[in-house]
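S.K.: My structure file model-v5.txt, compact mmCIF, C-alpha atoms, is below:
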```
# COMPACT_ATOMS: atom_id res chain seq x y z
CA MET A 7 83.43 107.50 170.46
CA ASP A 8 86.55 106.85 168.42
CA ASN A 9 88.45 110.09 167.90
CA ARG A 10 90.20 108.98 164.72
CA SER A 11 86.91 108.05 163.08
CA GLU A 12 85.33 111.33 164.18
CA VAL A 13 88.22 113.35 162.75
CA ARG A 14 88.28 111.39 159.50
CA GLU A 15 84.54 111.65 158.87
CA PHE A 16 84.33 115.30 159.89
CA LEU A 17 87.16 116.46 157.64
CA THR A 18 85.95 114.32 154.75
CA SER A 19 82.41 115.70 155.05
CA ARG A 20 83.63 119.32 155.21
CA ARG A 21 85.94 118.83 152.22
CA ALA A 22 83.03 117.43 150.20
CA LYS A 23 81.01 120.62 150.80
CA ILE A 24 83.54 122.99 149.20
CA THR A 25 83.56 123.46 145.43
CA PRO A 26 86.66 124.53 143.50
CA GLN A 27 84.86 127.70 142.45
CA GLN A 28 84.37 128.71 146.09
CA VAL A 29 88.13 128.79 146.65
CA GLY A 30 89.14 130.15 143.24
CA LEU A 31 90.41 126.89 141.75
CA PRO A 32 89.75 125.72 138.19
CA ASP A 33 87.32 122.86 137.75
CA SER A 34 87.93 120.54 134.81
CA GLY A 35 84.61 118.84 135.39
CA HIS A 36 86.26 115.41 135.64
CA ARG A 37 86.34 114.78 139.39
CA ARG A 38 86.05 111.40 141.00
CA VAL A 39 85.28 112.93 144.40
CA LYS A 40 82.71 115.44 145.52
CA GLY A 41 84.17 118.78 146.56
CA LEU A 42 87.89 119.44 146.84
CA ARG A 43 90.69 116.94 146.47
CA ARG A 44 92.98 116.29 149.42
CA GLU A 45 95.95 117.93 147.71
CA GLU A 46 93.85 121.05 147.06
CA VAL A 47 92.95 121.34 150.73
CA ALA A 48 96.61 120.87 151.63
CA MET A 49 97.66 123.63 149.25
CA LEU A 50 95.04 126.02 150.60
CA ALA A 51 96.02 125.22 154.21
CA GLY A 52 99.74 125.62 153.49
CA VAL A 53 100.73 122.09 154.50
CA SER A 54 102.09 119.17 152.55
CA ALA A 55 99.71 116.75 150.87
CA GLU A 56 101.15 113.93 152.99
CA TYR A 57 100.58 115.84 156.23
CA TYR A 58 96.98 116.67 155.35
CA ALA A 59 96.33 113.08 154.26
CA ARG A 60 97.56 111.94 157.68
CA MET A 61 95.22 114.41 159.40
CA GLU A 62 92.26 113.30 157.33
CA ARG A 63 93.01 109.68 158.22
CA GLY A 64 92.25 110.73 161.78
CA SER A 65 95.56 111.90 163.20
CA LEU A 66 95.27 115.40 164.68
CA SER A 67 97.57 114.69 167.59
CA GLY A 68 100.32 117.28 167.72
CA ALA A 69 98.76 119.61 165.15
CA SER A 70 99.51 123.21 166.10
CA GLU A 71 96.81 125.82 166.57
CA ALA A 72 98.22 127.71 163.58
CA VAL A 73 97.86 124.65 161.33
CA LEU A 74 94.33 124.01 162.60
CA GLU A 75 93.38 127.65 161.95
CA SER A 76 94.77 127.40 158.42
CA LEU A 77 92.82 124.20 157.87
CA ALA A 78 89.64 125.85 159.17
CA ARG A 79 90.07 128.70 156.70
CA ALA A 80 90.82 126.33 153.82
CA LEU A 81 87.63 124.38 154.51
CA HIS A 82 85.56 127.55 155.09
CA LEU A 83 84.50 126.33 158.53
CA ASP A 84 82.03 128.46 160.42
CA ASP A 85 82.48 129.30 164.11
CA SER A 86 80.81 126.13 165.36
CA GLU A 87 82.74 123.90 162.93
CA ARG A 88 86.02 125.58 163.82
CA ALA A 89 85.34 125.06 167.53
CA HIS A 90 84.50 121.42 166.85
CA LEU A 91 87.79 120.93 164.98
CA MET A 92 89.67 122.37 167.96
CA ASP A 93 87.76 120.05 170.33
CA LEU A 94 88.67 117.02 168.21
CA ALA A 95 92.32 118.09 168.19
CA ARG A 96 92.35 118.50 172.00
CA SER A 97 90.81 115.07 172.39
CA ALA A 98 93.37 113.55 170.00
CA SER A 99 96.24 114.99 172.04
CA ALA A 100 94.82 114.02 175.42
CA THR A 101 95.56 110.80 177.23
CA ARG A 102 92.89 108.31 176.28
CA ARG A 103 90.71 107.25 179.17
CA PRO A 104 87.72 104.90 179.45
CA ALA A 105 84.21 106.24 178.99
CA ARG A 106 82.58 107.02 182.31
CA ARG A 107 79.19 108.00 183.63
CA ARG A 108 78.68 111.46 185.07
CA ALA A 109 77.31 112.00 188.54
CA ALA A 110 73.65 112.98 188.48
CA GLN A 111 73.47 116.69 187.82
CA SER A 112 71.51 118.88 190.19
CA ILE A 113 70.50 122.52 190.08
CA ARG A 114 71.74 124.87 192.77
CA PRO A 115 68.89 126.32 194.87
CA ALA A 116 69.96 129.85 193.92
CA LEU A 117 69.63 129.01 190.23
CA GLN A 118 66.18 127.51 190.76
CA GLN A 119 65.19 130.65 192.67
CA LEU A 120 66.27 132.72 189.69
CA LEU A 121 64.15 130.61 187.35
CA ASP A 122 61.15 130.89 189.66
CA ALA A 123 61.53 134.67 189.77
CA MET A 124 61.22 134.84 185.97
CA THR A 125 57.45 134.70 185.70
CA GLY A 126 56.75 136.30 182.32
CA ALA A 127 58.71 133.94 180.07
CA PRO A 128 59.23 130.19 179.77
CA VAL A 129 62.74 129.33 181.01
CA PHE A 130 64.58 126.04 181.40
CA VAL A 131 68.08 124.78 182.11
CA ARG A 132 69.56 121.89 180.13
CA ASN A 133 72.87 120.08 179.96
CA GLY A 134 74.87 119.20 176.86
CA ARG A 135 72.99 115.91 176.50
CA LEU A 136 69.77 117.95 176.13
CA ASP A 137 68.32 116.75 179.44
CA ILE A 138 65.95 119.35 180.91
CA LEU A 139 67.17 119.72 184.48
CA ALA A 140 65.00 122.59 185.75
CA THR A 141 62.27 124.98 184.62
CA ASN A 142 60.15 127.79 185.91
CA ARG A 143 56.36 127.35 185.98
CA LEU A 144 55.81 128.73 182.49
CA GLY A 145 58.66 126.63 181.13
CA LYS A 146 57.07 123.50 182.58
CA ALA A 147 53.74 124.53 181.06
CA LEU A 148 55.23 125.12 177.61
CA TYR A 149 57.17 121.85 177.61
CA TRP A 150 54.41 119.88 179.33
CA PRO A 151 54.10 117.41 176.39
CA VAL A 152 57.82 116.62 176.69
CA PHE A 153 57.45 115.96 180.41
CA GLN A 154 54.66 113.45 179.67
CA ASP A 155 57.17 111.15 177.96
CA PRO A 156 57.74 108.38 180.53
CA ALA A 157 61.49 108.09 179.81
CA ARG A 158 63.75 109.75 182.35
CA PRO A 159 65.64 111.98 182.51
CA VAL A 160 63.43 114.30 180.46
CA ASN A 161 65.36 114.68 177.23
CA LEU A 162 64.58 116.90 174.26
CA ALA A 163 66.41 114.79 171.67
CA ARG A 164 64.79 111.54 172.76
CA TYR A 165 61.36 113.16 172.62
CA GLN A 166 61.93 114.71 169.18
CA PHE A 167 63.22 111.54 167.55
CA LEU A 168 61.34 108.77 169.35
CA ASN A 169 57.98 110.14 170.49
CA PRO A 170 55.34 110.23 167.70
CA ALA A 171 53.55 113.10 169.48
CA ALA A 172 56.50 115.41 168.72
CA ALA A 173 55.34 115.85 165.11
CA GLU A 174 52.19 117.63 166.26
CA TYR A 175 53.69 119.55 169.17
CA MET A 176 56.79 120.84 167.35
CA THR A 177 55.50 122.27 164.10
CA GLU A 178 58.98 122.50 162.55
CA LEU A 179 60.15 119.11 163.76
CA ASP A 180 62.71 118.56 161.00
CA ALA A 181 64.52 121.77 161.95
CA GLN A 182 64.33 120.93 165.65
CA ARG A 183 65.75 117.47 165.01
CA ALA A 184 68.59 118.85 162.89
CA ALA A 185 69.47 121.30 165.66
CA ALA A 186 69.36 118.57 168.30
CA ALA A 187 71.63 116.23 166.33
CA ALA A 188 74.09 119.07 165.68
CA LEU A 189 74.14 120.02 169.36
CA LEU A 190 74.78 116.41 170.39
CA ARG A 191 77.58 116.15 167.82
CA THR A 192 79.11 119.35 169.23
CA GLU A 193 78.86 118.01 172.77
CA ALA A 194 80.43 114.71 171.73
CA GLY A 195 83.44 116.62 170.42
CA GLN A 196 83.78 118.49 173.70
CA ASP A 197 83.20 115.49 175.97
CA PRO A 198 84.02 112.29 174.04
CA TYR A 199 84.33 110.09 177.14
CA ASN A 200 80.85 110.82 178.53
CA ARG A 201 79.20 107.41 178.72
CA ASP A 202 75.72 108.83 179.30
CA LEU A 203 76.04 110.89 176.12
CA SER A 204 77.34 107.89 174.16
CA ASP A 205 74.47 105.77 175.44
CA LEU A 206 71.91 108.34 174.28
CA ILE A 207 73.52 108.63 170.84
CA GLY A 208 73.56 104.83 170.59
CA GLU A 209 69.89 104.61 171.55
CA LEU A 210 68.86 107.23 169.01
CA SER A 211 71.02 105.69 166.29
CA THR A 212 69.46 102.29 166.89
CA ARG A 213 65.85 103.43 167.03
CA SER A 214 65.61 106.42 164.67
CA GLU A 215 66.41 106.42 160.97
CA ALA A 216 66.05 110.22 160.98
CA PHE A 217 68.72 110.52 163.66
CA ARG A 218 71.08 108.16 161.85
CA ALA A 219 70.89 110.30 158.71
CA LEU A 220 71.49 113.55 160.59
CA TRP A 221 74.30 112.06 162.68
CA ALA A 222 76.07 110.87 159.53
CA ALA A 223 76.12 114.45 158.19
CA HIS A 224 78.57 115.47 160.96
CA ASN A 225 76.98 118.91 161.30
CA VAL A 226 77.70 120.90 164.46
CA ARG A 227 76.05 123.99 165.85
CA LEU A 228 76.32 126.75 168.43
CA HIS A 229 72.71 127.29 169.46
CA HIS A 230 72.42 130.78 170.93
CA THR A 231 69.33 132.46 169.50
CA GLY A 232 66.52 131.80 167.06
CA ILE A 233 62.83 131.02 166.72
CA LYS A 234 60.87 128.02 167.95
CA ARG A 235 57.34 127.18 166.86
CA PHE A 236 54.98 125.01 168.85
CA HIS A 237 51.43 123.72 168.64
CA HIS A 238 50.58 123.28 172.30
CA PRO A 239 47.63 120.95 172.99
CA ALA A 240 46.11 123.44 175.45
CA VAL A 241 46.62 126.83 173.77
CA GLY A 242 47.40 126.16 170.13
CA ASP A 243 50.11 127.82 168.05
CA LEU A 244 53.00 129.81 169.51
CA THR A 245 55.94 131.42 167.72
CA LEU A 246 58.61 132.31 170.28
CA THR A 247 62.13 133.70 170.09
CA PHE A 248 64.76 132.17 172.33
CA GLU A 249 68.11 133.09 173.84
CA ALA A 250 70.39 130.31 175.07
CA LEU A 251 73.01 131.43 177.59
CA PRO A 252 75.74 129.38 179.29
CA VAL A 253 75.57 129.34 183.09
CA PRO A 254 79.05 130.57 184.11
CA THR A 255 78.97 129.08 187.59
CA ASP A 256 77.79 125.68 186.29
CA PRO A 257 79.97 124.69 183.31
CA GLY A 258 78.10 122.58 180.79
CA LEU A 259 74.67 123.96 181.65
CA THR A 260 72.68 126.27 179.40
CA LEU A 261 69.78 128.53 180.39
CA THR A 262 67.23 129.02 177.62
CA ALA A 263 64.57 131.73 177.84
CA LEU A 264 61.73 132.09 175.35
CA SER A 265 59.58 135.13 174.74
CA ALA A 266 56.80 136.44 172.51
CA GLU A 267 56.55 139.76 170.72
CA PRO A 268 54.36 142.11 172.79
CA ALA A 269 50.75 142.52 171.69
CA THR A 270 50.77 139.39 169.50
CA SER A 271 48.70 136.25 169.54
CA ALA A 272 51.73 134.39 170.89
CA ALA A 273 51.91 136.77 173.86
CA ASP A 274 48.22 136.16 174.50
CA ALA A 275 48.83 132.42 174.25
CA LEU A 276 51.60 132.59 176.89
CA GLN A 277 49.22 134.35 179.28
CA LEU A 278 46.59 131.72 178.61
CA LEU A 279 49.21 129.02 179.12
CA ALA A 280 50.05 130.40 182.56
CA THR A 281 46.36 130.37 183.51
CA TRP A 282 45.92 126.85 182.19
CA TYR A 283 48.93 125.56 184.12
CA ALA A 284 47.64 127.09 187.35
CA THR A 285 44.35 125.21 187.06
CA ILE A 286 45.36 121.70 185.96
CA ASP A 287 46.18 118.66 188.03
CA HIS A 288 49.96 118.44 187.55
CA ASN A 289 49.92 114.73 188.33
CA GLU A 290 47.71 113.86 185.35
CA ALA A 291 49.27 111.55 182.79
CA SER A 292 48.19 113.61 179.80
CA VAL A 293 47.73 117.23 178.85
CA PRO A 294 44.10 118.34 179.08
CA SER A 295 43.04 120.18 175.97
CA PRO A 296 39.63 121.71 176.58
CA THR A 297 38.20 123.51 173.56
CA SER A 298 37.44 126.53 175.74
CA ASN A 299 41.17 126.99 176.24
CA GLU A 300 42.25 126.57 172.63
CA HIS A 301 44.12 129.51 171.19
CA THR A 302 45.35 129.79 167.63
CA MET A 303 47.43 132.38 165.85
```
Would you mind writing the structure in this file as structure tokens?
M.R.:
Amino acid sequence: MDNRSEVREFLTSRRAKITPQQVGLPDSGHRRVKGLRREEVAMLAGVSAEYYARMERGSLSGASEAVLESLARALHLDDSERAHLMDLARSASATRRPARRRAAQSIRPALQQLLDAMTGAPVFVRNGRLDILATNRLGKALYWPVFQDPARPVNLARYQFLNPAAAEYMTELDAQRAAAAALLRTEAGQDPYNRDLSDLIGELSTRSEAFRALWAAHNVRLHHTGIKRFHHPAVGDLTLTFEALPVPTDPGLTLTALSAEPATSAADALQLLATWYATIDHNEASVPSPTSNEHTM
């Protein structure tokens, strides 16, 4: 992806989100642009209008950390947006190199053993491209519909945007899609020369209008904790909290664990899910959904 275009579109989109009132500036009501003007951002950041205009045209090369921090404050960037700005600046200052494919990622046996030892909660490991690289048994059971997608590697973003079944399985699909697009945008800032990532973004942009709209928003996100809601074809509705933790020994990998509140219908559904997974033929092409196993909240 072109760094100058990424910088230009990111800064322009963030500037458009800030109103004069938010930063204590008067608003005459006669503005040709949405949000702040360039010279207003420059004033708030403590740089010249010419210097900020150059940055917004895509030139972050050589910008000091102090200037970038001032710009982040002027634009009211949150933690994920600030980190993305720093990633774009690092990329702008680095020697440009051709996009390249990554070697196939594998999970260390010790990490898989850890996943397998976690029997009471669904757990999976993903990379920045949102490929699911490993799960424990309950994680495979929970994400069984995703694994039925024939495309490989198993990828959460591709499933959410391109598989029609996602609308029934992920009951808050719009929110899940927004999070996925923001995570991919964040990863693209950190690793702009990853050809596999660029290929995925190109595929989604070509085939999904929903992805194109979200990608154009230039939103980024640090996805550490929250709630996910599912309608599993075998056990019905589940509302689960999740924690997403980086794997220190495997940079770029994230371990996500999901859990249910004790003594809730979701906790009962996870137990039923474990039983269901132990009894099915794992080589079947679809998820069996016997009415005797249905569980609703």
S.K.: Neighbouring residues of Ala89 in chain A were defined as those with any atom within 12 Å, considering all atoms listed in the file; residues of the same chain fewer than 3 positions away were excluded. Please report them as a PyMOL selection string.
M.R.: chain A and resi 71+74-75+78+83-86+92-96+191-193+195-196+226-228
S.K.: So, counting all atoms listed in the file, which residue among A:Leu203, A:Leu50, A:Ala157, A:Ala59 is closest to Ile24 in chain A?
M.R.: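 Answer, going by the shortest atom-to-atom distance: A:Leu50.
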S.K.: Under the rule that all atoms listed in the file are counted, which of A:Gln119, A:Ser214, A:Asn9, A:Thr270 is the nearest residue to Asn169 in chain A?
M.R.: A:Ser214
S.K.: Can you work out the spacing between CA of Glu62 in chain A and CA of Leu17 in chain A in Å, to one decimal?
M.R.: 6.0 Å
S.K.: Suppose you want the space between CA of Leu179 in chain A and CA of Pro128 in chain A; what is it in Å?
M.R.: 19.5 Å
S.K.: Please return range 29-64 of chain A, rebuilt to N, CA and C atoms, as a PDB file, in the coordinates of the input.
M.R.:
```pdb
ATOM      1  N   VAL A  29      86.784 128.444 146.186  1.00  0.00           N
ATOM      2  CA  VAL A  29      88.130 128.790 146.650  1.00  0.00           C
ATOM      3  C   VAL A  29      89.014 129.277 145.501  1.00  0.00           C
ATOM      4  N   GLY A  30      88.401 129.566 144.352  1.00  0.00           N
ATOM      5  CA  GLY A  30      89.140 130.150 143.240  1.00  0.00           C
ATOM      6  C   GLY A  30      90.007 129.180 142.473  1.00  0.00           C
ATOM      7  N   LEU A  31      89.648 127.892 142.491  1.00  0.00           N
ATOM      8  CA  LEU A  31      90.410 126.890 141.750  1.00  0.00           C
ATOM      9  C   LEU A  31      89.682 126.505 140.476  1.00  0.00           C
ATOM     10  N   PRO A  32      90.406 126.164 139.418  1.00  0.00           N
ATOM     11  CA  PRO A  32      89.750 125.720 138.190  1.00  0.00           C
ATOM     12  C   PRO A  32      89.094 124.365 138.385  1.00  0.00           C
ATOM     13  N   ASP A  33      88.029 124.127 137.662  1.00  0.00           N
ATOM     14  CA  ASP A  33      87.320 122.860 137.750  1.00  0.00           C
ATOM     15  C   ASP A  33      87.215 122.273 136.351  1.00  0.00           C
ATOM     16  N   SER A  34      87.933 121.173 136.127  1.00  0.00           N
ATOM     17  CA  SER A  34      87.930 120.540 134.810  1.00  0.00           C
ATOM     18  C   SER A  34      86.641 119.797 134.525  1.00  0.00           C
ATOM     19  N   GLY A  35      85.852 119.584 135.570  1.00  0.00           N
ATOM     20  CA  GLY A  35      84.610 118.840 135.390  1.00  0.00           C
ATOM     21  C   GLY A  35      84.788 117.332 135.429  1.00  0.00           C
ATOM     22  N   HIS A  36      85.991 116.850 135.604  1.00  0.00           N
ATOM     23  CA  HIS A  36      86.260 115.410 135.640  1.00  0.00           C
ATOM     24  C   HIS A  36      86.805 115.044 137.021  1.00  0.00           C
ATOM     25  N   ARG A  37      85.939 115.063 138.012  1.00  0.00           N
ATOM     26  CA  ARG A  37      86.340 114.780 139.390  1.00  0.00           C
ATOM     27  C   ARG A  37      85.716 113.486 139.855  1.00  0.00           C
ATOM     28  N   ARG A  38      86.545 112.662 140.463  1.00  0.00           N
ATOM     29  CA  ARG A  38      86.050 111.400 141.000  1.00  0.00           C
ATOM     30  C   ARG A  38      85.478 111.566 142.404  1.00  0.00           C
ATOM     31  N   VAL A  39      85.775 112.697 143.047  1.00  0.00           N
ATOM     32  CA  VAL A  39      85.280 112.930 144.400  1.00  0.00           C
ATOM     33  C   VAL A  39      84.449 114.205 144.420  1.00  0.00           C
ATOM     34  N   LYS A  40      83.519 114.247 145.339  1.00  0.00           N
ATOM     35  CA  LYS A  40      82.710 115.440 145.520  1.00  0.00           C
ATOM     36  C   LYS A  40      83.496 116.474 146.304  1.00  0.00           C
ATOM     37  N   GLY A  41      83.468 117.730 145.851  1.00  0.00           N
ATOM     38  CA  GLY A  41      84.170 118.780 146.560  1.00  0.00           C
ATOM     39  C   GLY A  41      85.629 118.861 146.162  1.00  0.00           C
ATOM     40  N   LEU A  42      86.462 119.270 147.104  1.00  0.00           N
ATOM     41  CA  LEU A  42      87.890 119.440 146.840  1.00  0.00           C
ATOM     42  C   LEU A  42      88.638 118.118 146.963  1.00  0.00           C
ATOM     43  N   ARG A  43      89.773 118.056 146.285  1.00  0.00           N
ATOM     44  CA  ARG A  43      90.690 116.940 146.470  1.00  0.00           C
ATOM     45  C   ARG A  43      91.556 117.201 147.708  1.00  0.00           C
ATOM     46  N   ARG A  44      92.132 116.140 148.242  1.00  0.00           N
ATOM     47  CA  ARG A  44      92.980 116.290 149.420  1.00  0.00           C
ATOM     48  C   ARG A  44      94.146 117.244 149.154  1.00  0.00           C
ATOM     49  N   GLU A  45      94.799 117.091 148.000  1.00  0.00           N
ATOM     50  CA  GLU A  45      95.950 117.930 147.710  1.00  0.00           C
ATOM     51  C   GLU A  45      95.563 119.403 147.561  1.00  0.00           C
ATOM     52  N   GLU A  46      94.325 119.662 147.165  1.00  0.00           N
ATOM     53  CA  GLU A  46      93.850 121.050 147.060  1.00  0.00           C
ATOM     54  C   GLU A  46      93.652 121.649 148.445  1.00  0.00           C
ATOM     55  N   VAL A  47      93.092 120.871 149.349  1.00  0.00           N
ATOM     56  CA  VAL A  47      92.950 121.340 150.730  1.00  0.00           C
ATOM     57  C   VAL A  47      94.321 121.603 151.330  1.00  0.00           C
ATOM     58  N   ALA A  48      95.259 120.698 151.099  1.00  0.00           N
ATOM     59  CA  ALA A  48      96.610 120.870 151.630  1.00  0.00           C
ATOM     60  C   ALA A  48      97.239 122.156 151.120  1.00  0.00           C
ATOM     61  N   MET A  49      97.093 122.416 149.823  1.00  0.00           N
ATOM     62  CA  MET A  49      97.660 123.630 149.250  1.00  0.00           C
ATOM     63  C   MET A  49      97.038 124.871 149.882  1.00  0.00           C
ATOM     64  N   LEU A  50      95.725 124.871 150.029  1.00  0.00           N
ATOM     65  CA  LEU A  50      95.040 126.020 150.600  1.00  0.00           C
ATOM     66  C   LEU A  50      95.412 126.231 152.072  1.00  0.00           C
ATOM     67  N   ALA A  51      95.670 125.136 152.778  1.00  0.00           N
ATOM     68  CA  ALA A  51      96.020 125.220 154.210  1.00  0.00           C
ATOM     69  C   ALA A  51      97.502 125.474 154.422  1.00  0.00           C
ATOM     70  N   GLY A  52      98.309 125.375 153.361  1.00  0.00           N
ATOM     71  CA  GLY A  52      99.740 125.620 153.490  1.00  0.00           C
ATOM     72  C   GLY A  52     100.496 124.492 154.154  1.00  0.00           C
ATOM     73  N   VAL A  53     100.030 123.255 153.961  1.00  0.00           N
ATOM     74  CA  VAL A  53     100.730 122.090 154.500  1.00  0.00           C
ATOM     75  C   VAL A  53     100.984 121.123 153.355  1.00  0.00           C
ATOM     76  N   SER A  54     101.816 120.146 153.593  1.00  0.00           N
ATOM     77  CA  SER A  54     102.090 119.170 152.550  1.00  0.00           C
ATOM     78  C   SER A  54     100.895 118.250 152.355  1.00  0.00           C
ATOM     79  N   ALA A  55     100.802 117.679 151.146  1.00  0.00           N
ATOM     80  CA  ALA A  55      99.710 116.750 150.870  1.00  0.00           C
ATOM     81  C   ALA A  55      99.785 115.539 151.792  1.00  0.00           C
ATOM     82  N   GLU A  56     100.991 115.089 152.111  1.00  0.00           N
ATOM     83  CA  GLU A  56     101.150 113.930 152.990  1.00  0.00           C
ATOM     84  C   GLU A  56     100.674 114.243 154.403  1.00  0.00           C
ATOM     85  N   TYR A  57     100.993 115.466 154.880  1.00  0.00           N
ATOM     86  CA  TYR A  57     100.580 115.840 156.230  1.00  0.00           C
ATOM     87  C   TYR A  57      99.055 115.946 156.312  1.00  0.00           C
ATOM     88  N   TYR A  58      98.433 116.569 155.301  1.00  0.00           N
ATOM     89  CA  TYR A  58      96.980 116.670 155.350  1.00  0.00           C
ATOM     90  C   TYR A  58      96.322 115.293 155.250  1.00  0.00           C
ATOM     91  N   ALA A  59      96.882 114.432 154.383  1.00  0.00           N
ATOM     92  CA  ALA A  59      96.330 113.080 154.260  1.00  0.00           C
ATOM     93  C   ALA A  59      96.378 112.355 155.601  1.00  0.00           C
ATOM     94  N   ARG A  60      97.450 112.556 156.359  1.00  0.00           N
ATOM     95  CA  ARG A  60      97.560 111.940 157.680  1.00  0.00           C
ATOM     96  C   ARG A  60      96.486 112.494 158.622  1.00  0.00           C
ATOM     97  N   MET A  61      96.255 113.819 158.561  1.00  0.00           N
ATOM     98  CA  MET A  61      95.220 114.410 159.400  1.00  0.00           C
ATOM     99  C   MET A  61      93.854 113.855 159.028  1.00  0.00           C
ATOM    100  N   GLU A  62      93.576 113.760 157.737  1.00  0.00           N
ATOM    101  CA  GLU A  62      92.260 113.300 157.330  1.00  0.00           C
ATOM    102  C   GLU A  62      92.058 111.817 157.623  1.00  0.00           C
ATOM    103  N   ARG A  63      93.143 111.080 157.783  1.00  0.00           N
ATOM    104  CA  ARG A  63      93.010 109.680 158.220  1.00  0.00           C
ATOM    105  C   ARG A  63      92.720 109.579 159.706  1.00  0.00           C
ATOM    106  N   GLY A  64      92.671 110.728 160.382  1.00  0.00           N
ATOM    107  CA  GLY A  64      92.250 110.730 161.780  1.00  0.00           C
ATOM    108  C   GLY A  64      93.315 111.133 162.768  1.00  0.00           C
TER     109      GLY A  64
END
```
